[in-house]
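File shown: input-v2.pdb (PDB, C-alpha atoms).
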```pdb
ATOM      1  CA  MET A  57     -23.856  38.438  30.982
ATOM      2  CA  GLU A  58     -27.167  36.829  30.094
ATOM      3  CA  THR A  59     -27.483  33.060  30.204
ATOM      4  CA  ASN A  60     -26.829  31.807  26.740
ATOM      5  CA  PHE A  61     -28.649  28.607  25.998
ATOM      6  CA  ILE A  62     -27.006  28.101  22.624
ATOM      7  CA  PHE A  63     -23.657  27.406  24.271
ATOM      8  CA  VAL A  64     -25.302  24.958  26.725
ATOM      9  CA  ALA A  65     -26.987  23.251  23.770
ATOM     10  CA  TYR A  66     -23.582  22.809  22.070
ATOM     11  CA  CYS A  67     -22.161  21.284  25.252
ATOM     12  CA  ILE A  68     -24.996  18.716  25.274
ATOM     13  CA  TYR A  69     -25.046  18.080  21.510
ATOM     14  CA  LEU A  70     -21.344  17.413  20.918
ATOM     15  CA  PRO A  71     -20.726  14.543  23.405
ATOM     16  CA  LEU A  72     -24.033  12.879  22.510
ATOM     17  CA  ALA A  73     -23.411  13.008  18.755
ATOM     18  CA  ILE A  74     -19.837  11.732  19.047
ATOM     19  CA  ALA A  75     -20.837   8.940  21.464
ATOM     20  CA  LEU A  76     -23.612   7.863  19.087
ATOM     21  CA  THR A  77     -21.186   7.730  16.154
ATOM     22  CA  VAL A  78     -18.633   5.713  18.117
ATOM     23  CA  TYR A  79     -21.303   3.255  19.288
ATOM     24  CA  VAL A  80     -22.751   2.722  15.797
ATOM     25  CA  SER A  81     -19.331   2.333  14.242
ATOM     26  CA  ARG A  82     -18.209  -0.208  16.895
ATOM     27  CA  GLN A  83     -21.347  -2.268  16.270
ATOM     28  CA  LEU A  84     -21.078  -2.087  12.490
ATOM     29  CA  PHE A  85     -17.383  -2.846  12.162
ATOM     30  CA  SER A  86     -17.147  -5.621  14.700
ATOM     31  CA  ASN A  87     -19.860  -7.427  12.738
ATOM     32  CA  SER A  88     -18.516  -6.586   9.283
ATOM     33  CA  LYS A  89     -15.355  -8.678   9.777
ATOM     34  CA  VAL A  90     -17.419 -11.747   8.847
ATOM     35  CA  PHE A  91     -18.428 -10.093   5.569
ATOM     36  CA  MET A  92     -14.886  -9.047   4.783
ATOM     37  CA  LEU A  93     -13.466 -12.521   5.381
ATOM     38  CA  ASP A  94     -16.177 -13.879   3.092
ATOM     39  CA  ILE A  95     -15.501 -11.291   0.360
ATOM     40  CA  PHE A  96     -11.744 -11.914   0.334
ATOM     41  CA  HIS A  97     -12.121 -15.704   0.652
ATOM     42  CA  GLY A  98     -10.562 -15.916   4.103
ATOM     43  CA  ARG A  99      -7.432 -13.868   3.319
ATOM     44  CA  GLN A 100      -6.972 -12.370   6.756
ATOM     45  CA  ASP A 101      -4.555  -9.494   6.055
ATOM     46  CA  ILE A 102      -6.442  -7.735   3.257
ATOM     47  CA  ALA A 103      -9.846  -8.394   4.850
ATOM     48  CA  LEU A 104      -8.855  -6.775   8.144
ATOM     49  CA  SER A 105      -7.138  -3.902   6.293
ATOM     50  CA  THR A 106     -10.284  -3.205   4.285
ATOM     51  CA  ASN A 107     -12.348  -3.296   7.447
ATOM     52  CA  LYS A 108     -10.023  -0.793   9.126
ATOM     53  CA  LEU A 109     -10.037   1.498   6.080
ATOM     54  CA  PHE A 110     -13.840   1.526   5.942
ATOM     55  CA  GLU A 111     -13.994   2.169   9.678
ATOM     56  CA  THR A 112     -11.680   5.177   9.440
ATOM     57  CA  GLY A 113     -13.697   6.557   6.551
ATOM     58  CA  PHE A 114     -16.942   6.061   8.473
ATOM     59  CA  TYR A 115     -15.583   7.938  11.509
ATOM     60  CA  LEU A 116     -14.281  10.794   9.371
ATOM     61  CA  LEU A 117     -17.513  11.252   7.418
ATOM     62  CA  ASN A 118     -19.880  11.009  10.359
ATOM     63  CA  ILE A 119     -18.037  12.935  13.071
ATOM     64  CA  GLY A 120     -17.200  15.502  10.393
ATOM     65  CA  PHE A 121     -20.878  15.820   9.497
ATOM     66  CA  ALA A 122     -21.862  16.067  13.184
ATOM     67  CA  LEU A 123     -19.404  18.967  13.600
ATOM     68  CA  LEU A 124     -20.561  20.615  10.372
ATOM     69  CA  ILE A 125     -24.233  20.800  11.417
ATOM     70  CA  LEU A 126     -23.459  21.996  14.963
ATOM     71  CA  LYS A 127     -24.233  25.656  14.368
ATOM     72  CA  ILE A 128     -27.663  26.705  15.693
ATOM     73  CA  THR A 129     -29.024  29.575  13.625
ATOM     74  CA  ASP A 130     -32.304  30.011  15.559
ATOM     75  CA  VAL A 131     -32.384  32.697  18.197
ATOM     76  CA  ILE A 132     -33.123  31.334  21.662
ATOM     77  CA  PRO A 133     -34.268  34.393  23.585
ATOM     78  CA  GLY A 134     -33.614  34.727  27.307
ATOM     79  CA  PHE A 135     -34.438  31.960  29.734
ATOM     80  CA  ASN A 136     -36.089  29.431  27.474
ATOM     81  CA  PRO A 137     -35.051  25.811  28.088
ATOM     82  CA  GLN A 138     -38.097  24.518  26.210
ATOM     83  CA  ARG A 139     -36.908  26.080  22.941
ATOM     84  CA  MET A 140     -33.411  24.728  23.584
ATOM     85  CA  PHE A 141     -34.726  21.192  23.941
ATOM     86  CA  GLU A 142     -36.768  21.504  20.768
ATOM     87  CA  VAL A 143     -33.774  22.717  18.777
ATOM     88  CA  LEU A 144     -31.562  19.980  20.260
ATOM     89  CA  ALA A 145     -34.136  17.311  19.472
ATOM     90  CA  LEU A 146     -34.239  18.413  15.846
ATOM     91  CA  LYS A 147     -30.436  18.286  15.560
ATOM     92  CA  LEU A 148     -29.949  14.953  17.319
ATOM     93  CA  GLY A 149     -32.893  13.271  15.603
ATOM     94  CA  GLY A 150     -31.728  14.445  12.194
ATOM     95  CA  PHE A 151     -28.195  13.268  12.897
ATOM     96  CA  SER A 152     -29.489   9.892  14.050
ATOM     97  CA  ILE A 153     -31.489   9.430  10.825
ATOM     98  CA  TYR A 154     -28.394  10.394   8.828
ATOM     99  CA  LEU A 155     -26.378   7.774  10.749
ATOM    100  CA  GLY A 156     -29.019   5.151   9.969
ATOM    101  CA  ILE A 157     -28.847   5.947   6.263
ATOM    102  CA  MET A 158     -25.034   5.726   6.342
ATOM    103  CA  LEU A 159     -25.297   2.368   8.141
ATOM    104  CA  PHE A 160     -27.539   0.971   5.429
ATOM    105  CA  ALA A 161     -25.293   2.402   2.706
ATOM    106  CA  ASN A 162     -22.349   0.549   4.239
ATOM    107  CA  LEU A 163     -24.363  -2.664   4.498
ATOM    108  CA  TYR A 164     -25.328  -2.275   0.834
ATOM    109  CA  LEU A 165     -21.640  -1.986  -0.084
ATOM    110  CA  PHE A 166     -20.821  -5.133   1.916
ATOM    111  CA  PHE A 167     -23.606  -7.154   0.284
ATOM    112  CA  ARG A 168     -22.617  -5.930  -3.168
ATOM    113  CA  GLY A 169     -18.984  -6.871  -2.556
ATOM    114  CA  LYS A 170     -20.070 -10.317  -1.386
ATOM    115  CA  ARG A 171     -22.176 -10.866  -4.508
ATOM    116  CA  LYS A 172     -19.368  -9.679  -6.817
ATOM    117  CA  SER A 173     -16.772 -11.877  -5.167
ATOM    118  CA  SER A 174     -18.989 -14.965  -5.350
ATOM    119  CA  GLU A 175     -19.641 -14.212  -9.061
ATOM    120  CA  HIS A 176     -15.892 -14.020  -9.666
ATOM    121  CA  ALA A 177     -15.356 -17.276  -7.798
ATOM    122  CA  LYS A 178     -18.001 -19.039  -9.926
ATOM    123  CA  ALA A 179     -16.472 -17.642 -13.151
ATOM    124  CA  ASP A 180     -13.005 -18.851 -12.122
ATOM    125  CA  PHE A 181     -14.388 -22.279 -11.309
ATOM    126  CA  LYS A 182     -16.072 -22.504 -14.752
ATOM    127  CA  ASN A 183     -12.857 -21.414 -16.506
ATOM    128  CA  SER A 184     -10.873 -24.050 -14.669
ATOM    129  CA  ILE A 185     -13.359 -26.752 -15.765
ATOM    130  CA  VAL A 186     -13.300 -25.590 -19.400
ATOM    131  CA  LYS A 187      -9.518 -25.564 -19.487
TER     132      LYS A 187
ATOM    133  CA  MET B  48     -11.580  40.244  23.766
ATOM    134  CA  ASN B  49     -10.486  38.549  20.604
ATOM    135  CA  PHE B  50     -10.653  34.759  20.538
ATOM    136  CA  ASN B  51      -8.755  34.258  17.286
ATOM    137  CA  ILE B  52      -5.363  33.262  18.684
ATOM    138  CA  LEU B  53      -6.964  30.861  21.177
ATOM    139  CA  SER B  54      -8.974  29.194  18.430
ATOM    140  CA  TYR B  55      -5.866  28.863  16.217
ATOM    141  CA  LEU B  56      -4.119  27.208  19.157
ATOM    142  CA  ILE B  57      -6.975  24.677  19.422
ATOM    143  CA  TYR B  58      -7.612  24.267  15.680
ATOM    144  CA  LEU B  59      -4.068  23.534  14.518
ATOM    145  CA  PRO B  60      -3.193  20.723  16.996
ATOM    146  CA  VAL B  61      -6.618  19.063  16.598
ATOM    147  CA  THR B  62      -6.568  18.984  12.782
ATOM    148  CA  PHE B  63      -2.857  18.067  12.654
ATOM    149  CA  TYR B  64      -3.525  15.194  15.055
ATOM    150  CA  ILE B  65      -6.476  13.932  12.996
ATOM    151  CA  ILE B  66      -4.543  14.140   9.733
ATOM    152  CA  LEU B  67      -1.423  12.454  11.126
ATOM    153  CA  ILE B  68      -3.340   9.573  12.753
ATOM    154  CA  VAL B  69      -5.582   9.008   9.725
ATOM    155  CA  GLY B  70      -2.621   9.153   7.326
ATOM    156  CA  PHE B  71      -0.695   6.620   9.357
ATOM    157  CA  THR B  72      -3.702   4.271   9.456
ATOM    158  CA  PHE B  73      -4.040   4.502   5.678
ATOM    159  CA  TYR B  74      -0.301   3.956   5.242
ATOM    160  CA  ARG B  75      -0.307   0.750   7.323
ATOM    161  CA  ASN B  76      -3.494  -0.730   5.863
ATOM    162  CA  GLY B  77      -3.063   0.453   2.284
ATOM    163  CA  GLN B  78       0.137  -1.533   1.827
ATOM    164  CA  HIS B  79      -1.847  -4.772   1.386
ATOM    165  CA  TYR B  80      -3.852  -3.124  -1.388
ATOM    166  CA  ILE B  81      -0.823  -1.993  -3.333
ATOM    167  CA  GLU B  82       0.732  -5.435  -2.829
ATOM    168  CA  ASN B  83      -2.426  -6.839  -4.376
ATOM    169  CA  ILE B  84      -2.084  -4.647  -7.470
ATOM    170  CA  ILE B  85       1.707  -5.007  -7.840
ATOM    171  CA  PRO B  86       2.561  -8.480  -6.573
ATOM    172  CA  ASP B  87       6.124  -9.846  -6.161
ATOM    173  CA  ASN B  88       7.858  -6.503  -5.801
ATOM    174  CA  LEU B  89       7.912  -5.498  -2.153
ATOM    175  CA  GLY B  90      10.549  -2.786  -2.618
ATOM    176  CA  LEU B  91       8.484  -0.924  -5.197
ATOM    177  CA  VAL B  92       5.354  -1.285  -3.034
ATOM    178  CA  ARG B  93       7.107   0.282  -0.047
ATOM    179  CA  VAL B  94       8.484   3.158  -2.104
ATOM    180  CA  ILE B  95       5.071   3.935  -3.659
ATOM    181  CA  ASN B  96       3.377   3.740  -0.280
ATOM    182  CA  ARG B  97       5.849   6.079   1.382
ATOM    183  CA  MET B  98       5.641   8.608  -1.460
ATOM    184  CA  LEU B  99       1.821   8.533  -1.251
ATOM    185  CA  LEU B 100       1.970   9.184   2.505
ATOM    186  CA  LEU B 101       4.374  12.079   2.048
ATOM    187  CA  GLY B 102       2.175  13.646  -0.626
ATOM    188  CA  TYR B 103      -0.901  13.232   1.545
ATOM    189  CA  TYR B 104       0.773  14.930   4.514
ATOM    190  CA  LEU B 105       2.120  17.812   2.447
ATOM    191  CA  ILE B 106      -1.194  18.581   0.755
ATOM    192  CA  ASN B 107      -3.439  18.233   3.799
ATOM    193  CA  LEU B 108      -1.248  19.927   6.399
ATOM    194  CA  GLY B 109      -0.534  22.674   3.866
ATOM    195  CA  TYR B 110      -4.231  23.183   3.207
ATOM    196  CA  VAL B 111      -5.102  23.324   6.912
ATOM    197  CA  THR B 112      -2.360  25.846   7.585
ATOM    198  CA  LEU B 113      -3.340  27.926   4.581
ATOM    199  CA  THR B 114      -7.005  28.275   5.616
ATOM    200  CA  ILE B 115      -5.918  29.987   8.857
ATOM    201  CA  SER B 116      -5.349  33.201   6.939
ATOM    202  CA  PHE B 117      -8.982  33.489   5.785
ATOM    203  CA  TRP B 118     -10.722  33.372   9.190
ATOM    204  CA  GLN B 119     -13.098  36.121  10.200
ATOM    205  CA  PRO B 120     -12.629  37.790  13.618
ATOM    206  CA  ILE B 121     -14.123  35.777  16.493
ATOM    207  CA  ASN B 122     -15.698  37.724  19.310
ATOM    208  CA  SER B 123     -17.351  35.276  21.690
ATOM    209  CA  LEU B 124     -16.921  31.807  23.112
ATOM    210  CA  GLN B 125     -20.059  30.630  21.315
ATOM    211  CA  GLN B 126     -18.831  31.906  17.978
ATOM    212  CA  MET B 127     -15.460  30.250  18.567
ATOM    213  CA  CYS B 128     -17.239  26.943  19.203
ATOM    214  CA  GLU B 129     -19.232  27.294  15.968
ATOM    215  CA  VAL B 130     -16.315  28.298  13.759
ATOM    216  CA  LEU B 131     -13.974  25.643  15.156
ATOM    217  CA  SER B 132     -16.478  22.848  14.731
ATOM    218  CA  THR B 133     -17.595  23.915  11.259
ATOM    219  CA  LYS B 134     -14.009  24.156   9.978
ATOM    220  CA  THR B 135     -12.882  20.881  11.571
ATOM    221  CA  GLY B 136     -16.048  19.149  10.363
ATOM    222  CA  PHE B 137     -15.461  20.387   6.825
ATOM    223  CA  ILE B 138     -11.893  19.065   6.838
ATOM    224  CA  MET B 139     -13.045  15.683   8.184
ATOM    225  CA  VAL B 140     -15.886  15.274   5.667
ATOM    226  CA  LEU B 141     -13.504  16.243   2.867
ATOM    227  CA  LEU B 142     -10.949  13.655   4.032
ATOM    228  CA  GLY B 143     -13.667  10.999   4.289
ATOM    229  CA  LEU B 144     -14.996  11.673   0.793
ATOM    230  CA  LEU B 145     -11.484  11.628  -0.693
ATOM    231  CA  HIS B 146     -10.784   8.394   1.152
ATOM    232  CA  PHE B 147     -13.883   6.614  -0.191
ATOM    233  CA  ASN B 148     -13.079   7.946  -3.657
ATOM    234  CA  ASN B 149      -9.613   6.386  -3.314
ATOM    235  CA  LEU B 150     -11.069   3.052  -2.231
ATOM    236  CA  PHE B 151     -13.390   3.015  -5.263
ATOM    237  CA  CYS B 152     -10.510   3.864  -7.592
ATOM    238  CA  LEU B 153      -8.446   0.982  -6.159
ATOM    239  CA  TRP B 154     -11.404  -1.395  -6.471
ATOM    240  CA  TRP B 155     -12.028  -0.301 -10.070
ATOM    241  CA  PHE B 156      -8.338  -0.632 -10.918
ATOM    242  CA  ARG B 157      -8.277  -4.170  -9.536
ATOM    243  CA  GLU B 158     -11.346  -5.172 -11.547
ATOM    244  CA  LYS B 159      -9.742  -3.775 -14.732
ATOM    245  CA  LEU B 160      -6.546  -5.654 -13.992
ATOM    246  CA  LYS B 161      -8.467  -8.905 -13.535
ATOM    247  CA  THR B 162     -10.268  -8.564 -16.897
ATOM    248  CA  VAL B 163      -6.988  -7.722 -18.650
ATOM    249  CA  ILE B 164      -5.273 -10.786 -17.188
ATOM    250  CA  ASN B 165      -8.197 -13.065 -18.059
TER     251      ASN B 165
END
```
Can you present the structure in this file as structure tokens?
Amino acid sequence: METNFIFVAYCIYLPLAIALTVYVSRQLFSNSKVFMLDIFHGRQDIALSTNKLFETGFYLLNIGFALLILKITDVIPGFNPQRMFEVLALKLGGFSIYLGIMLFANLYLFFRGKRKSSEHAKADFKNSIVK
Amino acid sequence: MNFNILSYLIYLPVTFYIILIVGFTFYRNGQHYIENIIPDNLGLVRVINRMLLLGYYLINLGYVTLTISFWQPINSLQQMCEVLSTKTGFIMVLLGLLHFNNLFCLWWFREKLKTVIN
């Protein structure tokens, strides 16, 4: 049987992509607790629940996407490690950019939630003064 | 050699495990949300939550089991790797999208409720 570089490429791609996702998600969601506590005005139970729910969703979307784009459609003929590295670089780089975009999307959601909750708090304060 | 049975044996436990773990996480953490929407009625909250979990399990596990019957024949280890990862990835992305959709619905519902009360 000829050496098949596509299978080797899968064996390199999968652990790297999953490790990258886990690392990014750990970083993001250990820091987002501060945001969540701020959004829910220090109510611990719902803030931590929301954090956990977002984390699960983040894992599902990103590991799912990493698995979806695994298939290499290019033909890597014979003994050609150079081509394998080029294909792998394209996949991993693209996945990394996708992860970055998802990270910023999540941050946008957190900032938006923070703004909304502070608007609500101000409105409640005004209502209480008027009454 | 046909790799189909082997890939079913990998596919079913992996997807079942993902769905069960994710469902249980949602069940535990979603309770606070429902409590937020329906305050002062813990019995009703628990019943709704449990029914939601049961529905989620039935639909997702049913869907995963059903898709088994539409697989094409798998002839090599490489092809098995591709098919398994594409199918599992599709299921996971689908679950993630549905989950974020749910979160937005809950958020929207809460905002509506606030304006109605005020």
message: As a check of understanding, name the residues that the PyMOL selection byres ((chain A) within 6 of (chain B)) selects in the supplied structure, as JSON, numbers by chain.
response: {"A": [63, 102, 105, 113, 116, 117, 120, 121, 123, 124, 127]}
query: Quick one: which residues end up in the PyMOL selection byres ((chain A and resi 92) around 8) for this structure, as number ranges by chain?
result: A: 88-91, 93-96, 103-104, 106-107, 166
Export C-alpha atoms of the chosen residues as a JSON list (two decimals), in the frame of the given file?
```
[["chain", "number", "residue", "atom", "x", "y", "z"],
["A", 88, "SER", "CA", -18.52, -6.59, 9.28],
["A", 89, "LYS", "CA", -15.36, -8.68, 9.78],
["A", 90, "VAL", "CA", -17.42, -11.75, 8.85],
["A", 91, "PHE", "CA", -18.43, -10.09, 5.57],
["A", 93, "LEU", "CA", -13.47, -12.52, 5.38],
["A", 94, "ASP", "CA", -16.18, -13.88, 3.09],
["A", 95, "ILE", "CA", -15.50, -11.29, 0.36],
["A", 96, "PHE", "CA", -11.74, -11.91, 0.33],
["A", 103, "ALA", "CA", -9.85, -8.39, 4.85],
["A", 104, "LEU", "CA", -8.86, -6.78, 8.14],
["A", 106, "THR", "CA", -10.28, -3.20, 4.28],
["A", 107, "ASN", "CA", -12.35, -3.30, 7.45],
["A", 166, "PHE", "CA", -20.82, -5.13, 1.92]]
```
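Nearest residue to Ile132 of chain A, choosing from A:Leu109, A:Leu155, A:Ala65, A:Leu72 and counting all atoms listed in the file: A:Ala65.
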- prompt: Can you list, as a PyMOL selection string, every protein, DNA or RNA residue that comes within 12 Å of Tyr154 of chain A when you count all atoms listed in the file, leaving out same-chain residues fewer than 5 positions away?
  reply: chain A and resi 73+76-77+80+117-119+121-122+125+147-149+159-161
- prompt: What does the distance from atom CA of Phe110 of chain A to atom CA of Ser81 of chain A come to in Å, to one decimal?
  reply: 10.0 Å
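One finds atom CA of Tyr58 of chain B at 12.4 Å from atom CA of Leu113 of chain B.
The point (-11.6, 32.2, 20.1) has these residues within 6 Å of it when only C-alpha atoms are used: Phe50, Asn51, Leu53, Ser54, Ile121 and Met127 of chain B.
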Test item: residues at most 12 Å from Ile164 of chain B, all atoms listed in the file, excluding those fewer than 6 positions along its chain, as a CSV table (one decimal) with C-alpha atoms, in the coordinates of the input:
```
chain,number,residue,atom,x,y,z
B,84,ILE,CA,-2.1,-4.6,-7.5
B,157,ARG,CA,-8.3,-4.2,-9.5
B,158,GLU,CA,-11.3,-5.2,-11.5
```
- line: Computed gap from atom CA of Thr162 of chain B to atom CA of Ile81 of chain B is 17.8 Å
Residues near Asn136 of chain A, anyone? I mean within 12 Å using only C-alpha atoms, not counting same-chain ones fewer than 2 positions away, as a PDB file with C-alpha atoms, keeping the file's coordinate frame.
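And here's result23.pdb as it stands now:
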```pdb
ATOM      1  CA  GLU A  58     -27.167  36.829  30.094  1.00  0.00           C
ATOM      2  CA  THR A  59     -27.483  33.060  30.204  1.00  0.00           C
ATOM      3  CA  ASN A  60     -26.829  31.807  26.740  1.00  0.00           C
ATOM      4  CA  PHE A  61     -28.649  28.607  25.998  1.00  0.00           C
ATOM      5  CA  ILE A  62     -27.006  28.101  22.624  1.00  0.00           C
ATOM      6  CA  VAL A  64     -25.302  24.958  26.725  1.00  0.00           C
ATOM      7  CA  ALA A  65     -26.987  23.251  23.770  1.00  0.00           C
ATOM      8  CA  VAL A 131     -32.384  32.697  18.197  1.00  0.00           C
ATOM      9  CA  ILE A 132     -33.123  31.334  21.662  1.00  0.00           C
ATOM     10  CA  PRO A 133     -34.268  34.393  23.585  1.00  0.00           C
ATOM     11  CA  GLY A 134     -33.614  34.727  27.307  1.00  0.00           C
ATOM     12  CA  GLN A 138     -38.097  24.518  26.210  1.00  0.00           C
ATOM     13  CA  ARG A 139     -36.908  26.080  22.941  1.00  0.00           C
ATOM     14  CA  MET A 140     -33.411  24.728  23.584  1.00  0.00           C
ATOM     15  CA  PHE A 141     -34.726  21.192  23.941  1.00  0.00           C
ATOM     16  CA  GLU A 142     -36.768  21.504  20.768  1.00  0.00           C
ATOM     17  CA  VAL A 143     -33.774  22.717  18.777  1.00  0.00           C
TER      18      VAL A 143
END
```
Pick from A:Glu111, A:Gln100, A:Leu126, A:Pro137, whichever lies nearest to Gln83 of chain A using all atoms listed in the file: A:Glu111
